[in-house]
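Shown next: entry_23.cif, given as mmCIF, C-alpha atoms.
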data_structure
#
loop_
_atom_site.label_atom_id
_atom_site.label_comp_id
_atom_site.auth_asym_id
_atom_site.auth_seq_id
_atom_site.Cartn_x
_atom_site.Cartn_y
_atom_site.Cartn_z
CA MET Z 1 -4.37 -8.26 7.12
CA LEU Z 2 -4.64 -4.95 5.23
CA LYS Z 3 -1.40 -3.25 6.18
CA PRO Z 4 0.90 -6.08 5.05
CA SER Z 5 -0.76 -6.07 1.62
CA ARG Z 6 -0.19 -2.33 1.31
CA PHE Z 7 3.45 -2.51 2.29
CA SER Z 8 4.01 -5.60 0.15
CA LEU Z 9 2.80 -3.64 -2.89
CA LEU Z 10 5.40 -0.95 -2.32
CA ALA Z 11 8.08 -3.52 -1.74
CA LEU Z 12 7.17 -5.43 -4.89
CA VAL Z 13 7.14 -2.28 -7.00
CA SER Z 14 10.53 -1.30 -5.62
CA LEU Z 15 12.00 -4.69 -6.42
CA LEU Z 16 10.57 -4.84 -9.91
CA VAL Z 17 11.29 -1.26 -10.89
CA LEU Z 18 14.55 -0.62 -9.13
CA GLY Z 19 15.93 -4.14 -8.97
CA CYS Z 20 17.15 -6.06 -5.98
CA SER Z 21 19.72 -4.28 -3.87
CA GLU Z 22 22.80 -6.00 -2.56
CA SER Z 23 22.19 -4.21 0.72
CA THR Z 24 20.05 -5.76 3.43
CA ASP Z 25 18.24 -2.42 3.82
CA SER Z 26 14.51 -2.19 3.12
CA PRO Z 27 13.58 -1.66 -0.56
CA THR Z 28 13.56 1.95 -1.70
CA PRO Z 29 9.99 3.26 -1.98
CA PRO Z 30 8.83 4.06 -5.51
CA SER Z 31 9.35 7.61 -6.72
CA GLU Z 32 6.48 9.99 -7.41
CA GLU Z 33 6.91 9.33 -11.13
CA GLU Z 34 6.63 5.59 -10.57
CA ILE Z 35 3.59 6.06 -8.33
CA ALA Z 36 1.97 8.14 -11.08
CA ASP Z 37 2.63 5.41 -13.67
CA ILE Z 38 1.19 2.70 -11.41
CA ALA Z 39 -1.86 4.85 -10.61
CA ARG Z 40 -2.57 5.57 -14.28
CA GLY Z 41 -2.56 1.87 -15.10
CA ILE Z 42 -4.87 1.02 -12.20
CA HIS Z 43 -7.15 3.95 -12.96
CA GLU Z 44 -7.63 2.77 -16.53
CA ARG Z 45 -8.47 -0.78 -15.47
CA VAL Z 46 -10.86 -0.26 -12.56
CA ILE Z 47 -14.42 1.09 -12.72
CA THR Z 48 -14.43 4.53 -11.11
CA LEU Z 49 -17.81 5.45 -9.63
CA ASP Z 50 -18.81 8.62 -7.78
CA THR Z 51 -22.02 8.31 -5.77
CA HIS Z 52 -22.88 12.00 -5.47
CA ALA Z 53 -22.89 14.69 -8.18
CA ASP Z 54 -25.54 17.39 -7.84
CA ILE Z 55 -27.17 18.88 -10.90
CA ASN Z 56 -28.91 22.03 -12.10
CA THR Z 57 -31.54 21.24 -14.72
CA SER Z 58 -30.63 24.40 -16.66
CA ASN Z 59 -27.53 22.44 -17.72
CA PHE Z 60 -29.60 19.62 -19.18
CA THR Z 61 -31.17 21.36 -22.15
CA HIS Z 62 -30.48 20.81 -25.83
CA GLU Z 63 -28.74 24.20 -25.93
CA THR Z 64 -26.69 23.92 -22.71
CA ASN Z 65 -25.69 20.50 -21.51
CA TYR Z 66 -23.02 18.14 -20.22
CA THR Z 67 -21.56 17.41 -23.65
CA GLN Z 68 -20.00 20.88 -23.25
CA ASN Z 69 -17.20 21.74 -20.85
CA LEU Z 70 -19.46 23.89 -18.71
CA ASP Z 71 -18.40 25.71 -15.56
CA THR Z 72 -19.52 22.71 -13.52
CA GLN Z 73 -17.39 20.26 -11.58
CA VAL Z 74 -18.93 17.34 -13.47
CA ASN Z 75 -19.70 17.07 -17.18
CA LEU Z 76 -18.74 14.64 -19.91
CA PRO Z 77 -15.48 16.37 -20.98
CA LYS Z 78 -14.31 16.50 -17.37
CA MET Z 79 -15.31 12.86 -16.78
CA ASP Z 80 -13.32 11.90 -19.88
CA ALA Z 81 -10.29 13.93 -18.79
CA GLY Z 82 -10.24 12.46 -15.30
CA GLY Z 83 -11.20 8.90 -16.15
CA LEU Z 84 -14.45 8.97 -14.13
CA ASP Z 85 -16.67 6.19 -15.48
CA VAL Z 86 -19.87 6.43 -13.46
CA ALA Z 87 -21.67 9.36 -11.83
CA PHE Z 88 -24.76 9.18 -9.67
CA PHE Z 89 -26.64 12.34 -10.65
CA ILE Z 90 -28.76 13.57 -7.77
CA VAL Z 91 -32.47 14.31 -7.61
CA TYR Z 92 -32.13 16.78 -4.73
CA THR Z 93 -34.98 18.67 -3.12
CA GLY Z 94 -34.43 21.13 -0.29
CA GLN Z 95 -36.64 20.69 2.73
CA GLY Z 96 -39.79 22.80 2.69
CA GLU Z 97 -43.11 22.96 4.47
CA LEU Z 98 -45.12 19.80 5.05
CA GLY Z 99 -48.53 20.06 3.49
CA PRO Z 100 -50.22 19.89 0.08
CA ASP Z 101 -48.50 22.91 -1.45
CA GLY Z 102 -45.04 21.96 -0.20
CA TYR Z 103 -45.42 18.34 -1.27
CA ARG Z 104 -46.67 19.37 -4.72
CA ALA Z 105 -43.74 21.70 -5.33
CA ALA Z 106 -41.25 19.12 -4.04
CA TYR Z 107 -42.68 16.39 -6.28
CA GLU Z 108 -42.54 18.67 -9.33
CA ASN Z 109 -38.92 19.56 -8.55
CA ALA Z 110 -37.98 15.89 -8.30
CA ILE Z 111 -39.71 14.94 -11.55
CA ASP Z 112 -37.99 17.85 -13.32
CA LYS Z 113 -34.60 16.48 -12.26
CA PHE Z 114 -35.47 12.89 -13.18
CA ASN Z 115 -36.56 14.11 -16.61
CA ALA Z 116 -33.35 16.13 -17.04
CA ILE Z 117 -31.14 13.11 -16.40
CA HIS Z 118 -33.16 10.97 -18.80
CA ARG Z 119 -33.00 13.74 -21.40
CA LEU Z 120 -29.20 13.80 -21.26
CA ALA Z 121 -28.86 10.03 -21.59
CA GLU Z 122 -31.68 9.37 -24.05
CA GLU Z 123 -31.97 12.48 -26.24
CA ILE Z 124 -28.93 14.75 -25.94
CA ALA Z 125 -25.98 12.36 -25.73
CA PRO Z 126 -27.10 8.72 -26.05
CA ASN Z 127 -23.86 7.83 -27.83
CA GLN Z 128 -21.78 9.19 -24.95
CA ILE Z 129 -23.67 8.28 -21.78
CA GLU Z 130 -26.33 5.77 -20.79
CA LEU Z 131 -28.50 5.30 -17.72
CA ALA Z 132 -27.78 2.19 -15.64
CA TYR Z 133 -30.29 0.43 -13.40
CA ASN Z 134 -28.08 -2.35 -12.01
CA SER Z 135 -24.45 -3.47 -11.85
CA ASP Z 136 -24.70 -5.51 -15.05
CA ASP Z 137 -25.80 -2.37 -16.87
CA VAL Z 138 -22.77 -0.52 -15.48
CA ARG Z 139 -20.31 -3.09 -16.82
CA ARG Z 140 -22.09 -3.41 -20.18
CA ILE Z 141 -22.20 0.35 -20.77
CA ILE Z 142 -18.55 0.83 -19.85
CA ALA Z 143 -17.57 -2.03 -22.16
CA SER Z 144 -19.38 -0.19 -24.97
CA GLY Z 145 -17.13 2.83 -24.44
CA LYS Z 146 -19.75 5.13 -22.93
CA LYS Z 147 -20.02 6.89 -19.58
CA VAL Z 148 -22.62 5.74 -17.08
CA ALA Z 149 -25.32 7.81 -15.40
CA MET Z 150 -27.13 6.55 -12.32
CA ILE Z 151 -29.69 8.32 -10.14
CA GLY Z 152 -29.73 8.98 -6.41
CA ILE Z 153 -32.54 10.75 -4.56
CA GLU Z 154 -31.46 13.19 -1.86
CA ASN Z 155 -34.41 13.74 0.47
CA ALA Z 156 -37.60 11.66 0.43
CA TYR Z 157 -39.68 14.79 1.05
CA PRO Z 158 -41.00 14.79 -2.59
CA VAL Z 159 -42.67 11.42 -1.91
CA GLY Z 160 -45.18 13.43 0.12
CA PRO Z 161 -47.78 11.40 2.01
CA ASP Z 162 -48.14 8.87 -0.84
CA LEU Z 163 -45.72 5.94 -0.52
CA SER Z 164 -46.64 4.76 -4.03
CA ASN Z 165 -44.41 7.59 -5.26
CA ILE Z 166 -41.40 5.58 -4.08
CA GLU Z 167 -42.19 3.01 -6.76
CA LYS Z 168 -42.62 5.80 -9.33
CA PHE Z 169 -39.17 7.09 -8.45
CA TYR Z 170 -37.75 3.57 -8.66
CA ASP Z 171 -39.29 3.10 -12.12
CA MET Z 172 -37.65 6.36 -13.21
CA GLY Z 173 -34.25 4.97 -12.22
CA GLY Z 174 -33.79 6.03 -8.60
CA ARG Z 175 -31.41 3.52 -7.02
CA TYR Z 176 -30.83 5.15 -3.65
CA MET Z 177 -32.78 7.57 -1.49
CA SER Z 178 -32.17 9.38 1.79
CA LEU Z 179 -35.20 9.74 4.04
CA ALA Z 180 -34.21 13.26 5.13
CA HIS Z 181 -31.89 16.10 4.18
CA ASN Z 182 -31.11 19.26 6.19
CA GLY Z 183 -34.38 19.51 8.05
CA HIS Z 184 -36.87 17.14 9.66
CA ASN Z 185 -39.66 15.84 7.45
CA GLN Z 186 -42.54 13.38 7.34
CA PHE Z 187 -40.20 10.36 7.36
CA SER Z 188 -37.26 11.12 9.59
CA ASP Z 189 -35.36 13.47 11.82
CA SER Z 190 -32.33 15.19 10.28
CA ASN Z 191 -28.76 15.53 11.49
CA THR Z 192 -29.51 19.26 11.77
CA GLY Z 193 -31.42 18.60 14.99
CA GLU Z 194 -28.09 18.22 16.71
CA ALA Z 195 -27.59 22.00 16.58
CA ASP Z 196 -30.58 22.85 18.78
CA GLY Z 197 -31.55 19.48 20.26
CA VAL Z 198 -35.01 19.66 18.69
CA TYR Z 199 -36.30 16.48 17.01
CA TRP Z 200 -39.74 15.57 15.75
CA HIS Z 201 -39.81 11.79 15.77
CA GLY Z 202 -37.00 10.50 17.96
CA GLY Z 203 -35.50 9.04 14.78
CA LEU Z 204 -37.86 7.54 12.23
CA SER Z 205 -41.55 8.33 12.00
CA GLU Z 206 -44.04 5.51 11.49
CA MET Z 207 -44.23 6.53 7.84
CA GLY Z 208 -40.45 6.35 7.70
CA ARG Z 209 -40.52 2.77 8.89
CA PHE Z 210 -42.98 1.89 6.14
CA ALA Z 211 -40.77 3.70 3.62
CA ILE Z 212 -37.80 1.53 4.61
CA LYS Z 213 -39.84 -1.62 4.06
CA GLU Z 214 -40.97 -0.30 0.68
CA MET Z 215 -37.42 0.53 -0.41
CA ASN Z 216 -36.34 -2.97 0.65
CA ARG Z 217 -39.22 -4.42 -1.38
CA LEU Z 218 -38.39 -2.44 -4.50
CA GLY Z 219 -34.60 -2.67 -4.41
CA ILE Z 220 -33.67 0.94 -3.61
CA MET Z 221 -30.56 1.43 -1.49
CA ILE Z 222 -31.31 3.40 1.69
CA ASP Z 223 -28.96 6.36 2.12
CA ILE Z 224 -28.13 7.35 5.71
CA SER Z 225 -25.91 10.37 5.00
CA HIS Z 226 -28.30 13.10 6.21
CA PRO Z 227 -30.69 11.73 8.89
CA SER Z 228 -30.11 11.99 12.64
CA LYS Z 229 -28.10 9.42 14.56
CA ASP Z 230 -31.23 7.88 16.09
CA SER Z 231 -32.79 7.61 12.65
CA ILE Z 232 -29.63 6.01 11.26
CA MET Z 233 -29.38 3.44 14.04
CA GLN Z 234 -33.08 2.58 13.72
CA THR Z 235 -32.72 2.24 9.96
CA LEU Z 236 -29.76 -0.10 10.34
CA ALA Z 237 -31.77 -2.24 12.77
CA LEU Z 238 -34.88 -2.30 10.59
CA SER Z 239 -33.57 -2.73 7.05
CA ARG Z 240 -33.35 -6.27 5.69
CA ALA Z 241 -30.86 -5.06 3.09
CA PRO Z 242 -27.48 -3.35 3.43
CA VAL Z 243 -27.56 0.45 3.32
CA ILE Z 244 -25.18 3.15 2.15
CA ALA Z 245 -23.98 6.52 3.36
CA SER Z 246 -23.73 8.12 -0.07
CA HIS Z 247 -21.50 11.05 0.95
CA SER Z 248 -20.18 11.12 4.52
CA SER Z 249 -16.84 10.77 6.29
CA ALA Z 250 -15.49 9.81 9.73
CA ARG Z 251 -16.61 11.86 12.70
CA ALA Z 252 -13.65 10.70 14.76
CA LEU Z 253 -11.44 12.81 12.47
CA THR Z 254 -13.81 15.69 11.66
CA ASP Z 255 -16.52 16.47 14.20
CA HIS Z 256 -19.37 17.34 11.83
CA SER Z 257 -22.92 16.06 12.33
CA ARG Z 258 -22.94 14.86 8.70
CA ASN Z 259 -20.15 12.39 9.43
CA LEU Z 260 -20.61 8.95 11.01
CA ASP Z 261 -19.17 8.23 14.44
CA ASP Z 262 -17.54 4.91 15.32
CA GLU Z 263 -20.76 3.41 16.70
CA MET Z 264 -22.59 4.14 13.45
CA LEU Z 265 -19.68 2.88 11.35
CA LEU Z 266 -19.52 -0.40 13.25
CA ALA Z 267 -23.29 -0.82 12.91
CA LEU Z 268 -22.94 -0.14 9.17
CA LYS Z 269 -20.32 -2.88 8.99
CA ASP Z 270 -22.66 -5.31 10.75
CA ASN Z 271 -25.38 -4.36 8.29
CA GLY Z 272 -23.07 -5.15 5.35
CA GLY Z 273 -23.30 -1.63 3.97
CA VAL Z 274 -20.78 0.90 2.69
CA ILE Z 275 -19.82 4.50 3.47
CA GLN Z 276 -18.84 6.59 0.48
CA THR Z 277 -16.15 8.91 1.86
CA VAL Z 278 -16.97 12.46 0.77
CA ALA Z 279 -14.55 15.04 -0.65
CA PHE Z 280 -16.14 18.01 1.15
CA GLY Z 281 -13.70 20.36 2.88
CA THR Z 282 -15.55 20.88 6.17
CA TYR Z 283 -16.27 17.14 6.42
CA VAL Z 284 -12.65 15.99 6.01
CA SER Z 285 -10.63 18.82 7.58
CA GLU Z 286 -11.23 19.44 11.28
CA LEU Z 287 -9.40 22.75 10.98
CA ARG Z 288 -11.77 24.00 8.28
CA ARG Z 289 -14.82 22.64 10.12
CA ALA Z 290 -13.85 24.37 13.37
CA HIS Z 291 -13.07 27.58 11.50
CA TRP Z 292 -16.48 27.45 9.79
CA ALA Z 293 -18.28 26.64 13.05
CA SER Z 294 -16.70 29.67 14.74
CA GLY Z 295 -17.87 31.96 11.94
CA GLY Z 296 -14.42 32.40 10.46
CA ASP Z 297 -13.58 33.23 6.85
CA PHE Z 298 -12.61 30.14 4.86
CA ALA Z 299 -9.89 32.21 3.18
CA ASP Z 300 -8.07 32.26 6.52
CA ALA Z 301 -7.96 28.44 6.83
CA PRO Z 302 -5.78 26.07 4.81
CA PRO Z 303 -7.80 24.27 2.13
CA ALA Z 304 -8.65 20.60 2.55
CA THR Z 305 -6.63 18.27 0.34
CA VAL Z 306 -6.80 14.83 -1.22
CA SER Z 307 -4.46 13.72 1.57
CA ASP Z 308 -7.01 14.84 4.19
CA PHE Z 309 -9.67 12.93 2.27
CA VAL Z 310 -7.65 9.71 2.16
CA ASP Z 311 -6.90 10.06 5.88
CA HIS Z 312 -10.62 9.41 6.37
CA ILE Z 313 -10.49 6.42 4.04
CA ASP Z 314 -7.52 5.02 6.00
CA TYR Z 315 -9.30 5.51 9.32
CA MET Z 316 -12.51 3.79 8.21
CA VAL Z 317 -10.70 0.96 6.43
CA ASN Z 318 -8.83 0.21 9.64
CA LEU Z 319 -12.00 0.42 11.74
CA ILE Z 320 -14.58 -1.45 9.65
CA GLY Z 321 -12.67 -3.07 6.78
CA ILE Z 322 -12.06 -2.14 3.20
CA GLU Z 323 -15.24 -3.96 2.08
CA HIS Z 324 -17.31 -1.16 3.62
CA VAL Z 325 -15.56 1.98 2.31
CA GLY Z 326 -16.08 3.81 -0.98
CA ILE Z 327 -15.62 7.21 -2.66
CA SER Z 328 -17.84 10.20 -3.44
CA SER Z 329 -17.28 13.84 -4.34
CA ASP Z 330 -20.45 15.88 -3.69
CA PHE Z 331 -19.36 17.88 -6.74
CA ASP Z 332 -21.61 20.79 -7.68
CA GLY Z 333 -23.09 20.52 -4.20
CA GLY Z 334 -20.22 21.94 -2.16
CA GLY Z 335 -17.64 19.20 -2.60
CA GLY Z 336 -14.15 19.66 -3.96
CA LEU Z 337 -10.63 19.64 -2.54
CA THR Z 338 -7.20 20.82 -3.50
CA GLY Z 339 -6.20 18.03 -5.88
CA TRP Z 340 -9.76 16.82 -6.59
CA ASN Z 341 -11.71 19.94 -7.34
CA ASP Z 342 -13.60 18.55 -10.31
CA ALA Z 343 -14.02 15.30 -12.23
CA SER Z 344 -11.01 16.04 -14.46
CA GLU Z 345 -8.72 15.52 -11.43
CA THR Z 346 -10.12 12.12 -10.44
CA LEU Z 347 -6.83 10.33 -11.13
CA ASN Z 348 -5.29 12.18 -8.17
CA VAL Z 349 -7.42 10.15 -5.77
CA THR Z 350 -6.12 6.89 -7.22
CA SER Z 351 -2.57 8.25 -7.06
CA GLU Z 352 -2.93 9.02 -3.35
CA LEU Z 353 -4.35 5.55 -2.70
CA VAL Z 354 -1.34 4.02 -4.47
CA ARG Z 355 0.95 6.30 -2.47
CA ARG Z 356 -0.63 4.94 0.73
CA GLY Z 357 0.07 1.39 -0.46
CA TYR Z 358 -3.39 0.14 -1.45
CA THR Z 359 -3.39 -2.67 -3.99
CA GLU Z 360 -5.25 -2.60 -7.30
CA GLU Z 361 -7.84 -5.01 -5.93
CA GLU Z 362 -8.43 -2.78 -2.90
CA ILE Z 363 -8.65 0.36 -5.03
CA ALA Z 364 -11.17 -1.34 -7.34
CA MET Z 365 -13.29 -2.23 -4.30
CA MET Z 366 -13.33 1.34 -3.05
CA TRP Z 367 -13.94 2.96 -6.43
CA SER Z 368 -16.95 0.81 -7.32
CA GLY Z 369 -16.81 -2.81 -6.20
CA ASN Z 370 -18.22 -2.25 -2.72
CA LEU Z 371 -21.07 -0.02 -3.88
CA LEU Z 372 -22.07 -2.36 -6.70
CA ARG Z 373 -21.95 -5.31 -4.28
CA VAL Z 374 -24.44 -3.52 -2.03
CA LEU Z 375 -26.66 -2.68 -5.01
CA ASP Z 376 -26.63 -6.35 -6.08
CA GLU Z 377 -27.53 -7.47 -2.56
CA VAL Z 378 -30.31 -4.90 -2.22
CA GLN Z 379 -31.82 -6.04 -5.51
CA ARG Z 380 -31.45 -9.72 -4.58
CA ILE Z 381 -33.25 -9.18 -1.27
CA ALA Z 382 -35.98 -7.24 -3.09
CA GLU Z 383 -36.59 -10.29 -5.29
CA GLU Z 384 -36.83 -12.43 -2.15
CA ILE Z 385 -39.34 -10.08 -0.56
CA GLN Z 386 -41.44 -9.94 -3.70
CA SER Z 387 -41.46 -13.73 -3.99
CA GLU Z 388 -42.51 -14.02 -0.34
CA ALA Z 389 -45.43 -11.69 -1.00
#
Target format structure tokens, applied to this file:
Amino acid sequence: MLKPSRFSLLALVSLLVLGCSESTDSPTPPSEEEIADIARGIHERVITLDTHADINTSNFTHETNYTQNLDTQVNLPKMDAGGLDVAFFIVYTGQGELGPDGYRAAYENAIDKFNAIHRLAEEIAPNQIELAYNSDDVRRIIASGKKVAMIGIENAYPVGPDLSNIEKFYDMGGRYMSLAHNGHNQFSDSNTGEADGVYWHGGLSEMGRFAIKEMNRLGIMIDISHPSKDSIMQTLALSRAPVIASHSSARALTDHSRNLDDEMLLALKDNGGVIQTVAFGTYVSELRRAHWASGGDFADAPPATVSDFVDHIDYMVNLIGIEHVGISSDFDGGGGLTGWNDASETLNVTSELVRRGYTEEEIAMMWSGNLLRVLDEVQRIAEEIQSEA
């Protein structure tokens, strides 16, 4: 069903722009200039949403902040230049020791990042950007002419041993959370266990299972981008709500433990969730991944491109359907490609999708529609759970 719609778009554009040919040959494909014009129109009409932009709180002060064109891949001038409407700013905490001191430091780090995001939206630039808590907020804020900030939590480690902190993080605007990052923790094994075969829990811990139920109850999307495969499969089986992979790509194309293999992708489809394809060089270019894994110098390997990135989108769309595929950058956290190296170049992604023959409706789904659908469903199921209680 998908491929005919893609080819029919190109055919229609050719007929409308170039006119009908007297020849019986196939219509001439649109030129690069025509593709650019089509992409610009689509890009202006759809809601563009990036699910993963890391932050440094030193860039969220009254003196130095995202109203300025800082040397960061994401800030308000770059979002304006590239037509990026929505950014999930990330409350990231690296994995540390389990225990009172480690948990205390992790919690303080998370709160510092929550406060920084609120400070930008509520004190520094309230006329330029606003924090959204649901999909209705997203549409309302964009209609007002402002950019949208949302919050994702990368690593549940700061929750510590106290699950009530999940609700605190929800109240502060957290709308997705991964149970683990690069390292096993109190909730879940990490994908990093694949390197040495050492795992702590065989997937989820008992506390991790309770955390999933609590996130379902509150309406927080569960992010499966960093945990181990066993943890991911157990999460998909346990969660009442659809989940997301906030920044991962297809392992069939790039053999990195952070990417999802076909079994995980098909399970994600059955769950109703979405994978946000990530623009990270070693996750979308097998050549760069293999070069990195062998200890090679990245300067000796061709850079990953927007075309490599959209190859992953094509693969996953064909495997699990366009309803389950989205877009993320991992900007300021290692992401960035030739052609989409910061938010100012966001239009280039839409241009490549048009070049591949995706329709405006399909592009709108991938840029934001699929993710917001999952958020709506997660929040609806949370209301059901709360009413049952």
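Picture a line from atom CA of Z:Val243 to atom CA of Z:Ile275; it runs 8.7 Å.
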I'd like to see the residues matched by the PyMOL selection byres ((chain Z and resi 178-190) around 10) on this file, and ideally I'd get them as a short mmCIF file (atom, residue, chain, number, x, y, z; two decimals) with C-alpha atoms, in the coordinates of the input.
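Output file part_35.cif follows:
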data_model
loop_
_atom_site.label_atom_id
_atom_site.label_comp_id
_atom_site.auth_asym_id
_atom_site.auth_seq_id
_atom_site.Cartn_x
_atom_site.Cartn_y
_atom_site.Cartn_z
CA TYR Z 92 -32.13 16.78 -4.73
CA THR Z 93 -34.98 18.67 -3.12
CA GLY Z 94 -34.43 21.13 -0.29
CA GLN Z 95 -36.64 20.69 2.73
CA GLY Z 96 -39.79 22.80 2.69
CA GLU Z 97 -43.11 22.96 4.47
CA LEU Z 98 -45.12 19.80 5.05
CA GLY Z 99 -48.53 20.06 3.49
CA GLY Z 152 -29.73 8.98 -6.41
CA ILE Z 153 -32.54 10.75 -4.56
CA GLU Z 154 -31.46 13.19 -1.86
CA ASN Z 155 -34.41 13.74 0.47
CA ALA Z 156 -37.60 11.66 0.43
CA TYR Z 157 -39.68 14.79 1.05
CA VAL Z 159 -42.67 11.42 -1.91
CA GLY Z 160 -45.18 13.43 0.12
CA PRO Z 161 -47.78 11.40 2.01
CA TYR Z 176 -30.83 5.15 -3.65
CA MET Z 177 -32.78 7.57 -1.49
CA ASN Z 191 -28.76 15.53 11.49
CA THR Z 192 -29.51 19.26 11.77
CA GLY Z 193 -31.42 18.60 14.99
CA GLU Z 194 -28.09 18.22 16.71
CA VAL Z 198 -35.01 19.66 18.69
CA TYR Z 199 -36.30 16.48 17.01
CA TRP Z 200 -39.74 15.57 15.75
CA HIS Z 201 -39.81 11.79 15.77
CA GLY Z 202 -37.00 10.50 17.96
CA GLY Z 203 -35.50 9.04 14.78
CA LEU Z 204 -37.86 7.54 12.23
CA SER Z 205 -41.55 8.33 12.00
CA GLU Z 206 -44.04 5.51 11.49
CA MET Z 207 -44.23 6.53 7.84
CA GLY Z 208 -40.45 6.35 7.70
CA ARG Z 209 -40.52 2.77 8.89
CA PHE Z 210 -42.98 1.89 6.14
CA ALA Z 211 -40.77 3.70 3.62
CA ILE Z 212 -37.80 1.53 4.61
CA MET Z 221 -30.56 1.43 -1.49
CA ILE Z 222 -31.31 3.40 1.69
CA ASP Z 223 -28.96 6.36 2.12
CA ILE Z 224 -28.13 7.35 5.71
CA SER Z 225 -25.91 10.37 5.00
CA HIS Z 226 -28.30 13.10 6.21
CA PRO Z 227 -30.69 11.73 8.89
CA SER Z 228 -30.11 11.99 12.64
CA LYS Z 229 -28.10 9.42 14.56
CA ASP Z 230 -31.23 7.88 16.09
CA SER Z 231 -32.79 7.61 12.65
CA ILE Z 232 -29.63 6.01 11.26
CA THR Z 235 -32.72 2.24 9.96
CA ILE Z 244 -25.18 3.15 2.15
CA ALA Z 245 -23.98 6.52 3.36
CA SER Z 246 -23.73 8.12 -0.07
CA SER Z 257 -22.92 16.06 12.33
CA ARG Z 258 -22.94 14.86 8.70
#
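If only C-alpha atoms are the atoms counted, then among Z:Leu84, Z:Leu236, Z:Ala290, Z:Ala267 the closest residue to Z:Val46 is Z:Leu84.
Put simply, the PyMOL selection byres ((chain Z and resi 382) around 10) on this file hits Lys213, Glu214, Met215, Asn216, Arg217, Leu218, Gly219, Ile220, Arg240, Ala241, Asp376, Glu377, Val378, Gln379, Arg380, Ile381, Glu383, Glu384, Ile385, Gln386, Ser387 and Glu388 of chain Z.
Considering the residues Z:Asn75, Z:Ser164, Z:Gln234, Z:Ser285 and counting all atoms listed in the file, Z:Leu268 has its shortest atom-to-atom contact with Z:Gln234.
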Give me, as JSON lines, the closest atom pair and its distance (Å, one decimal) for every residue of stretch 73-105 of chain Z within a cut-off of 10 Å of stretch 117-136 of chain Z, counting only C-alpha atoms, rows sorted by chain and rising number.
{"residue": "Z:Leu76", "atom": "CA", "partner": "Z:Gln128", "partner_atom": "CA", "distance": 8.0}
{"residue": "Z:Asp85", "atom": "CA", "partner": "Z:Ile129", "partner_atom": "CA", "distance": 9.6}
{"residue": "Z:Val86", "atom": "CA", "partner": "Z:Ala132", "partner_atom": "CA", "distance": 9.2}
{"residue": "Z:Ala87", "atom": "CA", "partner": "Z:Leu131", "partner_atom": "CA", "distance": 9.9}
{"residue": "Z:Phe88", "atom": "CA", "partner": "Z:Ala132", "partner_atom": "CA", "distance": 9.7}
{"residue": "Z:Phe89", "atom": "CA", "partner": "Z:Ile117", "partner_atom": "CA", "distance": 7.3}
{"residue": "Z:Ile90", "atom": "CA", "partner": "Z:Ile117", "partner_atom": "CA", "distance": 9.0}
{"residue": "Z:Val91", "atom": "CA", "partner": "Z:Ile117", "partner_atom": "CA", "distance": 9.0}
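Running the PyMOL selection byres ((chain Z and resi 274) around 8) on this file leaves Pro242, Val243, Ile244, Ala245, Leu268, Lys269, Gly272, Gly273, Ile275, Gln276, Glu323, His324, Val325, Gly326, Asn370, Leu371 and Val374 of chain Z selected.
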Quick one: write out the picked residues with C-alpha atoms as an mmCIF file, in the frame of the given file?
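Below is the file result37.cif, written as the result:
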data_model
loop_
_atom_site.group_PDB
_atom_site.id
_atom_site.type_symbol
_atom_site.label_atom_id
_atom_site.label_comp_id
_atom_site.auth_asym_id
_atom_site.auth_seq_id
_atom_site.Cartn_x
_atom_site.Cartn_y
_atom_site.Cartn_z
ATOM 1 C CA PRO Z 242 -27.480 -3.350 3.430
ATOM 2 C CA VAL Z 243 -27.560 0.450 3.320
ATOM 3 C CA ILE Z 244 -25.180 3.150 2.150
ATOM 4 C CA ALA Z 245 -23.980 6.520 3.360
ATOM 5 C CA LEU Z 268 -22.940 -0.140 9.170
ATOM 6 C CA LYS Z 269 -20.320 -2.880 8.990
ATOM 7 C CA GLY Z 272 -23.070 -5.150 5.350
ATOM 8 C CA GLY Z 273 -23.300 -1.630 3.970
ATOM 9 C CA ILE Z 275 -19.820 4.500 3.470
ATOM 10 C CA GLN Z 276 -18.840 6.590 0.480
ATOM 11 C CA GLU Z 323 -15.240 -3.960 2.080
ATOM 12 C CA HIS Z 324 -17.310 -1.160 3.620
ATOM 13 C CA VAL Z 325 -15.560 1.980 2.310
ATOM 14 C CA GLY Z 326 -16.080 3.810 -0.980
ATOM 15 C CA ASN Z 370 -18.220 -2.250 -2.720
ATOM 16 C CA LEU Z 371 -21.070 -0.020 -3.880
ATOM 17 C CA VAL Z 374 -24.440 -3.520 -2.030
#
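Picture a line from atom CA of Z:Glu108 to atom CA of Z:Gly336; it runs 28.9 Å.
Using only C-alpha atoms, the smallest distance between any of Z:Asn318, Z:Ser329, Z:Ser58, Z:Ser307 and Z:Ser351 comes from Z:Ser307.
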Put the listed atoms of stretch 187-198 of chain Z in a box along x, y and z with 3 Å added on every side and give me the centre and edge lengths in Å to one decimal, as JSON.
{"center_x": -33.9, "center_y": 16.6, "center_z": 13.8, "size_x": 18.6, "size_y": 18.5, "size_z": 18.9}
* Exercise: Z:Thr346 partners within 7 Å, only C-alpha atoms, chain neighbours under 5 positions left out, as a PyMOL selection string -> chain Z and resi 82-84+340
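Checking Z:Gly296, Z:Met366, Z:Arg356, Z:Glu361 one by one against Z:Ile35, counting all atoms listed in the file, you find the shortest gap at Z:Arg356.
Note that atom CA of Z:Ala110 and atom CA of Z:Phe169 are 8.9 Å apart.
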* Counting only C-alpha atoms, the option among Z:Ala389, Z:Leu347, Z:Met316, Z:Met172 closest to Z:Ile111 -> Z:Met172
